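**Student:** There's a structure below that I have some questions on.
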Amino acid sequence: MRPISRRNALLLGGLGATATVAGGAGLWWSLASGPPQGAGPGQPAGPASSPDFRSPAEVRSADGRLELTLEAAPGRVELGGRQAGALCYNGTLPGPTLRLRPGDELSIRLINNLGEPTNLHVHGLHVSPQGNADNPFVAVLPGQGFDYRYRLPADHPPGVYWYHPHHHGMVAGQIFAGLYGAIIVEDAESVPVSTERVLLVSDTTLDGSGNIAGVSLMERMAGREGELLLLNGQSNPTLTARPGDRERWRIVNACVARFLRLRLDGQQMQLLGMDSGRSADPEPVDELLLAPGNRADLLVTAAAGEAVLQALPYDRGAMPAMMGRGRPQAGGPVALATLRADGEAAATAAAVASRPPPEDLRTATVAARRQLVLSMGGGPGGRGGGMGPMMQFTINGRGYDEARTDTTVASGTVEEWTLVNTSPMDHPFHLHVWPMQLIDDNGRAPGSVVVRDVVNLRANGRVTVRIAFRDFAGRSVYHCHILDHEDLGMMGVIEVR
Ligand code: C2O
Ligand code: CU
Ligand code: CU
């Protein structure tokens, strides 16, 4: 079927600009791809034909080193079955997966062939924020290159990480257009599985000519959610397995603002970890919530038949009433992938060895306590008089200023931070370099050690975390990982010294 332009889709659907914020994914897909297969009440809508699952290219370290060039440039790629003009690393979307081991040295030559500044962030890696390491203050101008070098500590936690641009003001747009890739830090002892897959989930919107659509200020304030929900750039690809196969899925939520509430009904899921956090033994789960930026390290044991990996709607709140009707993700479930298990049954996979229990900061000595308040405010007549309807996105009342240091921490200490959200929308809070242990989540203390680098702050919620500021000193940032909010100022500077 010939794709219908977004404009026509909008006309046909009788939708206005605000309604596209409110999750048009189901509508767009059903218009663009004909009646979804097997769609009915409660059934996920998806494109009519399901392509074979495709993995991003992989590069792997050898003898403790990985060296590569990443060129950021516009490219023509297939997105959800359509030819699209996107932004790519090395001509692909997602970019190549980097496989590392603890103790490795990673050298990346970033070449900027975009029409605007960019840079590179290795999200979640526990590496130095200084100099040419994970320094978010570096700006690589168009036509220029930059040599990044990162040294992972010998005890770096294994898990799923990712890389993406971090040039303030352009982060959301560049990721929405396709600039992201996975980083895997391998386990010391491998987990017995039949297949390992990397699943990068992103969303974007294409305009009638197949280019990445622009977004309105209203969409940015709400946090843009694309009409296409993609897995490795594909719409609802099919994964094949044998009944009984145990697979390892490394899932990255690379969406700018969309929360992923994932289910794979009829299959057995066990969680090995999220972000750099690990549990001692795999934990059975039915449903997984990944805020933007979160990753899951998941075991899936295939049962015979067909199962759909679905992203269910998640209510992340709405903008204050005066700001419009934008309530993101009001749509139904979306099919992300289909797992088909048939053929001869596989032998039962060997048991997964227990891992040493993670360090617990609940018994640590706390050197300082602070409170960070995330707010959305302003609007007509707000700060600065002539700001018009522009909403302010702040932490402790201030918008981002790279020249100002907001938080100064003594290196080697443990701190306790209380994160307060005074707004009617969720804000997933992210700190670079130093992972956070969840101590209290809206009055509930987790029963085990929960370590994350993105912690969701529910609308009007409050979360307490502890952070060990060890191994690395220097200046870095914390911010909301709804990347439009970060670009609009919901970010602060930390200096550890
Ligand atoms: Cu994934 Cu500062 O970000
Ligand atoms: Cu990060
Ligand atoms: Cu936010």
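We label chains A, B, ... in the order they appear in the structure tokens, count residues from 1 in each chain, and number ligands from 1 in the order shown.
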DSSP on the backbone, helix (DSSP H, G or I) only: what residues of region 100-340 of chain A does that give? Format it as a PDB file with C-alpha atoms, in the first residue's frame.
**Tutor:**
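Printed below is out34.pdb as written:
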```
ATOM      1  CA  VAL A 171      19.867  16.354  22.327  1.00  0.00           C
ATOM      2  CA  ALA A 172      16.211  15.470  21.780  1.00  0.00           C
ATOM      3  CA  GLY A 173      16.245  16.379  18.090  1.00  0.00           C
ATOM      4  CA  GLN A 174      19.403  14.411  17.296  1.00  0.00           C
ATOM      5  CA  ILE A 175      18.262  11.265  19.101  1.00  0.00           C
ATOM      6  CA  PHE A 176      14.750  11.519  17.591  1.00  0.00           C
ATOM      7  CA  LEU A 217       7.103  24.028  21.126  1.00  0.00           C
ATOM      8  CA  MET A 218       4.052  22.428  22.743  1.00  0.00           C
ATOM      9  CA  GLU A 219       5.313  18.964  21.801  1.00  0.00           C
ATOM     10  CA  ARG A 220       8.727  19.790  23.204  1.00  0.00           C
ATOM     11  CA  MET A 221       7.241  20.973  26.469  1.00  0.00           C
ATOM     12  CA  ALA A 222       5.199  17.792  26.771  1.00  0.00           C
ATOM     13  CA  ALA A 321      -4.170  22.840  32.416  1.00  0.00           C
ATOM     14  CA  MET A 322      -3.460  26.269  30.965  1.00  0.00           C
ATOM     15  CA  MET A 323      -0.797  24.832  28.686  1.00  0.00           C
TER      16      MET A 323
END
```
**Student:** Which residues, written as a ChimeraX atom specification, have at least one atom at most 6 Å from region 146-162 of chain A, with only C-alpha atoms counted and residues fewer than 6 positions away on the same chain left out?
**Tutor:** /A:102-110,122-124,127,132-133,181-187,276
**Student:** Keeping only N, CA and C atoms, write those residues as a PDB file, in the first residue's frame.
**Tutor:**
```
ATOM      1  N   PRO A 102      35.156  -5.096  31.412  1.00  0.00           N
ATOM      2  CA  PRO A 102      35.689  -4.235  32.471  1.00  0.00           C
ATOM      3  C   PRO A 102      37.196  -4.071  32.296  1.00  0.00           C
ATOM      4  N   GLY A 103      37.717  -2.889  32.557  1.00  0.00           N
ATOM      5  CA  GLY A 103      39.153  -2.631  32.420  1.00  0.00           C
ATOM      6  C   GLY A 103      39.571  -2.175  31.032  1.00  0.00           C
ATOM      7  N   ASP A 104      38.661  -2.249  30.055  1.00  0.00           N
ATOM      8  CA  ASP A 104      39.014  -1.881  28.672  1.00  0.00           C
ATOM      9  C   ASP A 104      39.236  -0.379  28.507  1.00  0.00           C
ATOM     10  N   GLU A 105      39.974  -0.074  27.444  1.00  0.00           N
ATOM     11  CA  GLU A 105      40.075   1.309  27.004  1.00  0.00           C
ATOM     12  C   GLU A 105      39.322   1.445  25.683  1.00  0.00           C
ATOM     13  N   LEU A 106      38.432   2.434  25.651  1.00  0.00           N
ATOM     14  CA  LEU A 106      37.598   2.663  24.468  1.00  0.00           C
ATOM     15  C   LEU A 106      38.004   3.986  23.846  1.00  0.00           C
ATOM     16  N   SER A 107      38.401   3.963  22.560  1.00  0.00           N
ATOM     17  CA  SER A 107      38.755   5.193  21.851  1.00  0.00           C
ATOM     18  C   SER A 107      37.781   5.391  20.702  1.00  0.00           C
ATOM     19  N   ILE A 108      37.130   6.538  20.702  1.00  0.00           N
ATOM     20  CA  ILE A 108      36.177   6.829  19.629  1.00  0.00           C
ATOM     21  C   ILE A 108      36.561   8.152  18.982  1.00  0.00           C
ATOM     22  N   ARG A 109      36.779   8.102  17.677  1.00  0.00           N
ATOM     23  CA  ARG A 109      36.937   9.344  16.924  1.00  0.00           C
ATOM     24  C   ARG A 109      35.563   9.725  16.403  1.00  0.00           C
ATOM     25  N   LEU A 110      35.015  10.811  16.967  1.00  0.00           N
ATOM     26  CA  LEU A 110      33.698  11.271  16.522  1.00  0.00           C
ATOM     27  C   LEU A 110      33.892  12.284  15.415  1.00  0.00           C
ATOM     28  N   VAL A 122      28.477   8.599  26.814  1.00  0.00           N
ATOM     29  CA  VAL A 122      28.347   7.152  27.023  1.00  0.00           C
ATOM     30  C   VAL A 122      27.487   6.956  28.273  1.00  0.00           C
ATOM     31  N   HIS A 123      26.185   6.828  28.024  1.00  0.00           N
ATOM     32  CA  HIS A 123      25.194   6.855  29.092  1.00  0.00           C
ATOM     33  C   HIS A 123      25.331   5.638  30.018  1.00  0.00           C
ATOM     34  N   GLY A 124      25.542   5.928  31.306  1.00  0.00           N
ATOM     35  CA  GLY A 124      25.589   4.876  32.325  1.00  0.00           C
ATOM     36  C   GLY A 124      26.980   4.345  32.611  1.00  0.00           C
ATOM     37  N   VAL A 127      32.827   6.102  34.142  1.00  0.00           N
ATOM     38  CA  VAL A 127      34.124   6.525  33.591  1.00  0.00           C
ATOM     39  C   VAL A 127      34.331   7.995  33.936  1.00  0.00           C
ATOM     40  N   ASN A 132      38.943  14.469  27.612  1.00  0.00           N
ATOM     41  CA  ASN A 132      38.352  13.853  26.418  1.00  0.00           C
ATOM     42  C   ASN A 132      37.661  12.536  26.747  1.00  0.00           C
ATOM     43  N   ALA A 133      37.268  12.371  28.036  1.00  0.00           N
ATOM     44  CA  ALA A 133      36.438  11.213  28.392  1.00  0.00           C
ATOM     45  C   ALA A 133      34.964  11.613  28.298  1.00  0.00           C
ATOM     46  N   GLY A 181      23.147   4.298  19.954  1.00  0.00           N
ATOM     47  CA  GLY A 181      23.625   2.926  19.774  1.00  0.00           C
ATOM     48  C   GLY A 181      23.858   2.298  21.141  1.00  0.00           C
ATOM     49  N   ALA A 182      24.021   0.979  21.165  1.00  0.00           N
ATOM     50  CA  ALA A 182      24.145   0.247  22.429  1.00  0.00           C
ATOM     51  C   ALA A 182      25.604   0.004  22.793  1.00  0.00           C
ATOM     52  N   ILE A 183      25.851  -0.088  24.086  1.00  0.00           N
ATOM     53  CA  ILE A 183      27.145  -0.505  24.613  1.00  0.00           C
ATOM     54  C   ILE A 183      26.868  -1.658  25.574  1.00  0.00           C
ATOM     55  N   ILE A 184      27.591  -2.746  25.401  1.00  0.00           N
ATOM     56  CA  ILE A 184      27.438  -3.889  26.312  1.00  0.00           C
ATOM     57  C   ILE A 184      28.747  -4.054  27.066  1.00  0.00           C
ATOM     58  N   VAL A 185      28.670  -4.129  28.383  1.00  0.00           N
ATOM     59  CA  VAL A 185      29.840  -4.515  29.172  1.00  0.00           C
ATOM     60  C   VAL A 185      29.608  -5.969  29.576  1.00  0.00           C
ATOM     61  N   GLU A 186      30.495  -6.841  29.098  1.00  0.00           N
ATOM     62  CA  GLU A 186      30.292  -8.284  29.244  1.00  0.00           C
ATOM     63  C   GLU A 186      30.463  -8.742  30.692  1.00  0.00           C
ATOM     64  N   ASP A 187      29.800  -9.859  31.005  1.00  0.00           N
ATOM     65  CA  ASP A 187      29.940 -10.480  32.325  1.00  0.00           C
ATOM     66  C   ASP A 187      31.274 -11.201  32.420  1.00  0.00           C
ATOM     67  N   SER A 276      22.973  -0.247  35.497  1.00  0.00           N
ATOM     68  CA  SER A 276      24.132  -0.994  35.974  1.00  0.00           C
ATOM     69  C   SER A 276      23.761  -1.863  37.181  1.00  0.00           C
TER      70      SER A 276
END
```
**Student:** Please return as a ChimeraX atom specification the residues found within 6 Å of ligand 3, counting only C-alpha atoms and all ligand atoms.
**Tutor:** /A:427,480,482,485
**Student:** May I have the residues within 7 Å of Trp417 (chain A) as a list in words, using only C-alpha atoms and disregarding those fewer than 3 positions away in the same chain?
**Tutor:**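 That gives Arg369, Arg370, Gln371, Thr464, Val465 and Arg466 of chain A.
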**Student:** Might you pull out every residue within 8 Å of Val420 (chain A), with only C-alpha atoms counted and same-chain residues fewer than 2 positions away left off, and present them as a list in words?
**Tutor:**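 These residues fall inside the cut-off: Gln371, Leu372, Val373, Leu374, Thr418, Thr422, Leu457, Asn460, Gly461, Arg462 and Val463 of chain A.
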**Student:** Could you list, as a list in words, all protein and nucleic acid residues with an atom at most 8 Å from ligand 2, counting only C-alpha atoms and all ligand atoms?
**Tutor:**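 Using only C-alpha atoms and all ligand atoms, I find these residues within 8 Å of ligand 2: His121, Val122, His123, Gly124, Gly293, His430, Leu431, His432, Val433 and Asp453 of chain A.
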**Student:** Quick one: pull the distance between CA of Leu230 (chain A) and CA of His167 (chain A), Å, one decimal.
**Tutor:**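 These atoms are spaced 23.7 Å apart.
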**Student:** Taking into account only C-alpha atoms and all ligand atoms, which residue in the set A:Ala291, A:Leu79, A:Val334, A:Leu231 is nearest to ligand 1?
**Tutor:**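 Closest to ligand 1 of all the choices is A:Ala291.
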